[in-house]
Amino acid sequence: MENEYLVGRSIHSVLPVPADRVGVSGEHLKIRVSDDGRWHLEDLNSANGTYIRDDNGEFHRVYSKDITENDIIRLGNKGANSYTFMARRVKAPEDTYYHEFKQLKKLVARQKEEEAEKEKRIEINGWISRVAGLAVIGICALIGSISGVDIDPNTRYILIACAPVVVGLLFSGDPKKLKALRQRRSKIMLCPKCWKPISEYDVEYGQCSRCKAK
Ligand SMILES: [Zn+2]
């Protein structure tokens, strides 16, 4: 057996989509939940499409797709005319936002962890770059003492000067990745009800200070 949930601006919608969300069709989508816990989404040829958010906070258009109860779904194009919700709400429209905040907390924790990791790598890279020149001097001396071959002073200077640059290039992807991570933060740190930016305090506390959802 399975249950079917209609979402849209129609009076038959299980979720109360406000009338001013004109980007949402009357019968926008259907979500089917089977007894064994499988969730499936079906766009009902909506005018402005159905979108699902990925791990990076980017929305992608979907037509017919297996989903999970924690997927974030947007009806219509980005902006005030659309309607966004976590899939599980179709089963519990009147529920508090406790579950959504719990998921958000996990997401933000992972986000902070990844940012901290990148920041650490960038800091370490800075130190390695700073000592790279010294390392080259050491290596030249070592080669000299082992093989008896003296490295030409000009070559040595070039190596010393280039070492930090080479190290920098090896790690050059990190600042870019950190920037992308910080951009992701702004896409996921949103209230699960009003979808406006939310503070870390609000996430921790489990309540949106704008719309009071909790
Ligand atoms: Zn809110």
# chains A, B, ... in the order shown; residues from 1 in each chain; ligands from 1
call {"tool": "select_by_dssp", "arguments": {"residues": "range 33-170 of chain A", "states": "strand (DSSP E)", "output": "ChimeraX atom specification"}}
result
/A:33-34,39-43,50-53,59-62,64-67,72-75,83-86
call {"tool": "residues_around", "arguments": {"residues": "Lys196 in chain A", "least_positions_apart": "6", "cutoff": "12 Å", "atoms": "only C-alpha atoms", "output": "number ranges by chain"}}
result
A: 79-80, 84, 186-190, 202, 208-213
call {"tool": "residues_around", "arguments": {"residues": "range 134-141 of chain A", "least_positions_apart": "6", "cutoff": "12 Å", "atoms": "only C-alpha atoms", "output": "ChimeraX atom specification"}}
result
/A:127-128,147-153,155-164,166-167
call {"tool": "write_last_selection", "arguments": {"atoms": "N, CA and C atoms", "output": "compact mmCIF listing (two decimals), in the first residue's frame"}}
result
# COMPACT_ATOMS: atom_id res chain seq x y z
N TRP A 127 52.78 27.94 6.05
CA TRP A 127 54.02 27.62 6.76
C TRP A 127 55.00 26.86 5.88
N ILE A 128 54.47 25.90 5.12
CA ILE A 128 55.36 25.13 4.24
C ILE A 128 56.02 26.06 3.22
N SER A 147 77.03 13.21 -2.19
CA SER A 147 77.63 12.87 -3.49
C SER A 147 78.92 13.62 -3.76
N GLY A 148 79.17 14.66 -2.93
CA GLY A 148 80.36 15.44 -3.17
C GLY A 148 80.20 16.43 -4.31
N VAL A 149 79.02 16.41 -4.94
CA VAL A 149 78.77 17.34 -6.05
C VAL A 149 78.28 18.66 -5.48
N ASP A 150 78.94 19.74 -5.79
CA ASP A 150 78.47 21.04 -5.32
C ASP A 150 77.49 21.62 -6.34
N ILE A 151 76.32 21.97 -5.87
CA ILE A 151 75.35 22.55 -6.79
C ILE A 151 75.73 24.00 -7.07
N ASP A 152 75.72 24.31 -8.33
CA ASP A 152 76.07 25.64 -8.81
C ASP A 152 75.26 26.70 -8.06
N PRO A 153 75.91 27.76 -7.52
CA PRO A 153 75.21 28.75 -6.70
C PRO A 153 74.00 29.38 -7.40
N THR A 155 72.05 28.04 -9.71
CA THR A 155 70.97 27.05 -9.71
C THR A 155 70.33 27.00 -8.32
N ARG A 156 71.19 27.07 -7.30
CA ARG A 156 70.69 27.00 -5.93
C ARG A 156 69.75 28.18 -5.64
N TYR A 157 70.18 29.38 -6.06
CA TYR A 157 69.34 30.56 -5.81
C TYR A 157 67.98 30.43 -6.50
N ILE A 158 68.03 29.92 -7.73
CA ILE A 158 66.77 29.77 -8.48
C ILE A 158 65.86 28.78 -7.75
N LEU A 159 66.45 27.67 -7.30
CA LEU A 159 65.67 26.65 -6.59
C LEU A 159 65.05 27.23 -5.32
N ILE A 160 65.87 28.01 -4.58
CA ILE A 160 65.39 28.59 -3.33
C ILE A 160 64.24 29.56 -3.59
N ALA A 161 64.40 30.35 -4.65
CA ALA A 161 63.37 31.34 -4.97
C ALA A 161 62.09 30.68 -5.45
N CYS A 162 62.23 29.57 -6.18
CA CYS A 162 61.06 28.92 -6.79
C CYS A 162 60.29 28.04 -5.81
N ALA A 163 60.99 27.55 -4.79
CA ALA A 163 60.35 26.57 -3.91
C ALA A 163 59.01 27.03 -3.34
N PRO A 164 58.92 28.26 -2.77
CA PRO A 164 57.62 28.66 -2.21
C PRO A 164 56.54 28.74 -3.28
N VAL A 166 56.33 26.92 -6.03
CA VAL A 166 55.91 25.56 -6.38
C VAL A 166 54.95 25.02 -5.30
N VAL A 167 55.33 25.23 -4.04
CA VAL A 167 54.46 24.77 -2.95
C VAL A 167 53.10 25.46 -3.04
call {"tool": "residues_around", "arguments": {"residues": "Lys176 in chain A", "least_positions_apart": "6", "cutoff": "12 Å", "atoms": "only C-alpha atoms", "output": "number ranges by chain"}}
result
A: 115, 118-119, 122, 182-183
call {"tool": "closest_residue", "arguments": {"among": "A:Arg110, A:Lys214, A:His99, A:His12", "to": "ligand 1", "atoms": "only C-alpha atoms and all ligand atoms"}}
result
A:Lys214
call {"tool": "decode", "arguments": {"residues": "range 63-99 of chain A", "atoms": "N, CA, C and O atoms", "output": "short mmCIF file (atom, residue, chain, number, x, y, z; two decimals), in the first residue's frame"}}
result
data_model
loop_
_atom_site.label_atom_id
_atom_site.label_comp_id
_atom_site.auth_asym_id
_atom_site.auth_seq_id
_atom_site.Cartn_x
_atom_site.Cartn_y
_atom_site.Cartn_z
N TYR A 63 11.60 15.77 -12.54
CA TYR A 63 10.27 15.48 -13.09
C TYR A 63 9.62 14.31 -12.36
O TYR A 63 8.49 14.40 -11.91
N SER A 64 10.38 13.22 -12.27
CA SER A 64 9.90 12.04 -11.56
C SER A 64 11.11 11.44 -10.89
O SER A 64 12.09 11.11 -11.55
N LYS A 65 11.08 11.35 -9.56
CA LYS A 65 12.33 10.99 -8.89
C LYS A 65 12.07 10.33 -7.54
O LYS A 65 11.16 10.74 -6.82
N ASP A 66 12.88 9.33 -7.23
CA ASP A 66 12.86 8.76 -5.88
C ASP A 66 13.53 9.77 -4.95
O ASP A 66 14.59 10.30 -5.29
N ILE A 67 12.91 10.01 -3.82
CA ILE A 67 13.47 11.01 -2.91
C ILE A 67 13.55 10.43 -1.49
O ILE A 67 13.17 9.28 -1.27
N THR A 68 14.04 11.24 -0.57
CA THR A 68 14.02 10.84 0.85
C THR A 68 13.15 11.86 1.58
O THR A 68 12.87 12.94 1.05
N GLU A 69 12.75 11.52 2.78
CA GLU A 69 11.88 12.43 3.52
C GLU A 69 12.60 13.72 3.91
O GLU A 69 11.96 14.71 4.26
N ASN A 70 13.94 13.72 3.84
CA ASN A 70 14.69 14.92 4.22
C ASN A 70 15.05 15.81 3.04
O ASN A 70 15.74 16.81 3.20
N ASP A 71 14.60 15.44 1.84
CA ASP A 71 14.91 16.27 0.68
C ASP A 71 14.17 17.60 0.76
O ASP A 71 13.03 17.67 1.20
N ILE A 72 14.89 18.65 0.32
CA ILE A 72 14.28 19.98 0.28
C ILE A 72 13.76 20.20 -1.14
O ILE A 72 14.50 20.09 -2.12
N ILE A 73 12.46 20.49 -1.23
CA ILE A 73 11.80 20.59 -2.52
C ILE A 73 11.30 22.02 -2.73
O ILE A 73 10.73 22.62 -1.82
N ARG A 74 11.53 22.53 -3.92
CA ARG A 74 11.03 23.87 -4.24
C ARG A 74 10.06 23.79 -5.40
O ARG A 74 10.36 23.18 -6.43
N LEU A 75 8.89 24.39 -5.24
CA LEU A 75 7.91 24.44 -6.30
C LEU A 75 8.04 25.79 -6.99
O LEU A 75 7.88 26.82 -6.35
N GLY A 76 8.34 25.77 -8.26
CA GLY A 76 8.46 27.02 -9.01
C GLY A 76 9.86 27.57 -9.00
O GLY A 76 10.77 27.03 -8.36
N ASN A 77 10.03 28.68 -9.72
CA ASN A 77 11.35 29.31 -9.83
C ASN A 77 11.72 30.02 -8.54
O ASN A 77 10.85 30.40 -7.77
N LYS A 78 13.02 30.22 -8.41
CA LYS A 78 13.57 30.91 -7.25
C LYS A 78 12.82 32.23 -7.02
O LYS A 78 12.44 32.90 -7.96
N GLY A 79 12.63 32.57 -5.76
CA GLY A 79 12.02 33.88 -5.48
C GLY A 79 10.74 33.77 -4.67
O GLY A 79 10.34 32.68 -4.24
N ALA A 80 10.13 34.92 -4.47
CA ALA A 80 8.98 35.01 -3.57
C ALA A 80 7.75 34.25 -4.08
O ALA A 80 6.83 33.96 -3.32
N ASN A 81 7.73 33.94 -5.39
CA ASN A 81 6.56 33.25 -5.94
C ASN A 81 6.62 31.74 -5.78
O ASN A 81 5.70 31.03 -6.17
N SER A 82 7.73 31.26 -5.23
CA SER A 82 7.89 29.82 -5.11
C SER A 82 7.53 29.35 -3.69
O SER A 82 7.25 30.17 -2.80
N TYR A 83 7.54 28.05 -3.51
CA TYR A 83 7.22 27.48 -2.20
C TYR A 83 8.19 26.33 -1.93
O TYR A 83 8.35 25.44 -2.76
N THR A 84 8.85 26.39 -0.77
CA THR A 84 9.88 25.39 -0.46
C THR A 84 9.53 24.66 0.83
O THR A 84 9.01 25.27 1.77
N PHE A 85 9.79 23.36 0.85
CA PHE A 85 9.49 22.59 2.06
C PHE A 85 10.34 21.32 2.09
O PHE A 85 10.85 20.89 1.05
N MET A 86 10.47 20.74 3.28
CA MET A 86 11.15 19.45 3.40
C MET A 86 10.10 18.37 3.15
O MET A 86 8.98 18.44 3.70
N ALA A 87 10.44 17.39 2.33
CA ALA A 87 9.47 16.37 1.88
C ALA A 87 8.59 15.82 3.00
O ALA A 87 7.38 15.67 2.84
N ARG A 88 9.19 15.55 4.15
CA ARG A 88 8.45 14.91 5.23
C ARG A 88 7.20 15.68 5.67
O ARG A 88 6.29 15.10 6.26
N ARG A 89 7.15 16.99 5.39
CA ARG A 89 6.00 17.80 5.83
C ARG A 89 4.68 17.32 5.23
O ARG A 89 3.62 17.56 5.82
N VAL A 90 4.75 16.66 4.07
CA VAL A 90 3.47 16.22 3.47
C VAL A 90 2.77 15.24 4.41
O VAL A 90 1.54 15.14 4.40
N LYS A 91 3.56 14.52 5.20
CA LYS A 91 2.97 13.56 6.13
C LYS A 91 2.55 14.22 7.43
O LYS A 91 1.72 13.67 8.17
N ALA A 92 3.15 15.35 7.74
CA ALA A 92 2.87 16.01 9.02
C ALA A 92 2.85 17.53 8.84
O ALA A 92 3.72 18.23 9.36
N PRO A 93 1.86 18.04 8.10
CA PRO A 93 1.84 19.48 7.79
C PRO A 93 1.78 20.36 9.03
O PRO A 93 2.28 21.48 9.02
N GLU A 94 1.15 19.87 10.09
CA GLU A 94 0.95 20.69 11.29
C GLU A 94 2.10 20.57 12.27
O GLU A 94 2.10 21.21 13.32
N ASP A 95 3.05 19.72 11.94
CA ASP A 95 4.15 19.45 12.86
C ASP A 95 4.98 20.71 13.15
O ASP A 95 5.00 21.63 12.37
N THR A 96 5.70 20.67 14.27
CA THR A 96 6.66 21.74 14.53
C THR A 96 7.83 21.56 13.57
O THR A 96 7.87 20.59 12.81
N TYR A 97 8.81 22.46 13.66
CA TYR A 97 9.96 22.38 12.77
C TYR A 97 11.17 21.72 13.46
O TYR A 97 12.30 21.88 13.04
N TYR A 98 10.87 20.99 14.52
CA TYR A 98 11.92 20.34 15.29
C TYR A 98 12.81 19.46 14.39
O TYR A 98 14.04 19.54 14.43
N HIS A 99 12.16 18.61 13.59
CA HIS A 99 12.90 17.68 12.73
C HIS A 99 13.76 18.45 11.72
O HIS A 99 14.93 18.12 11.52
#
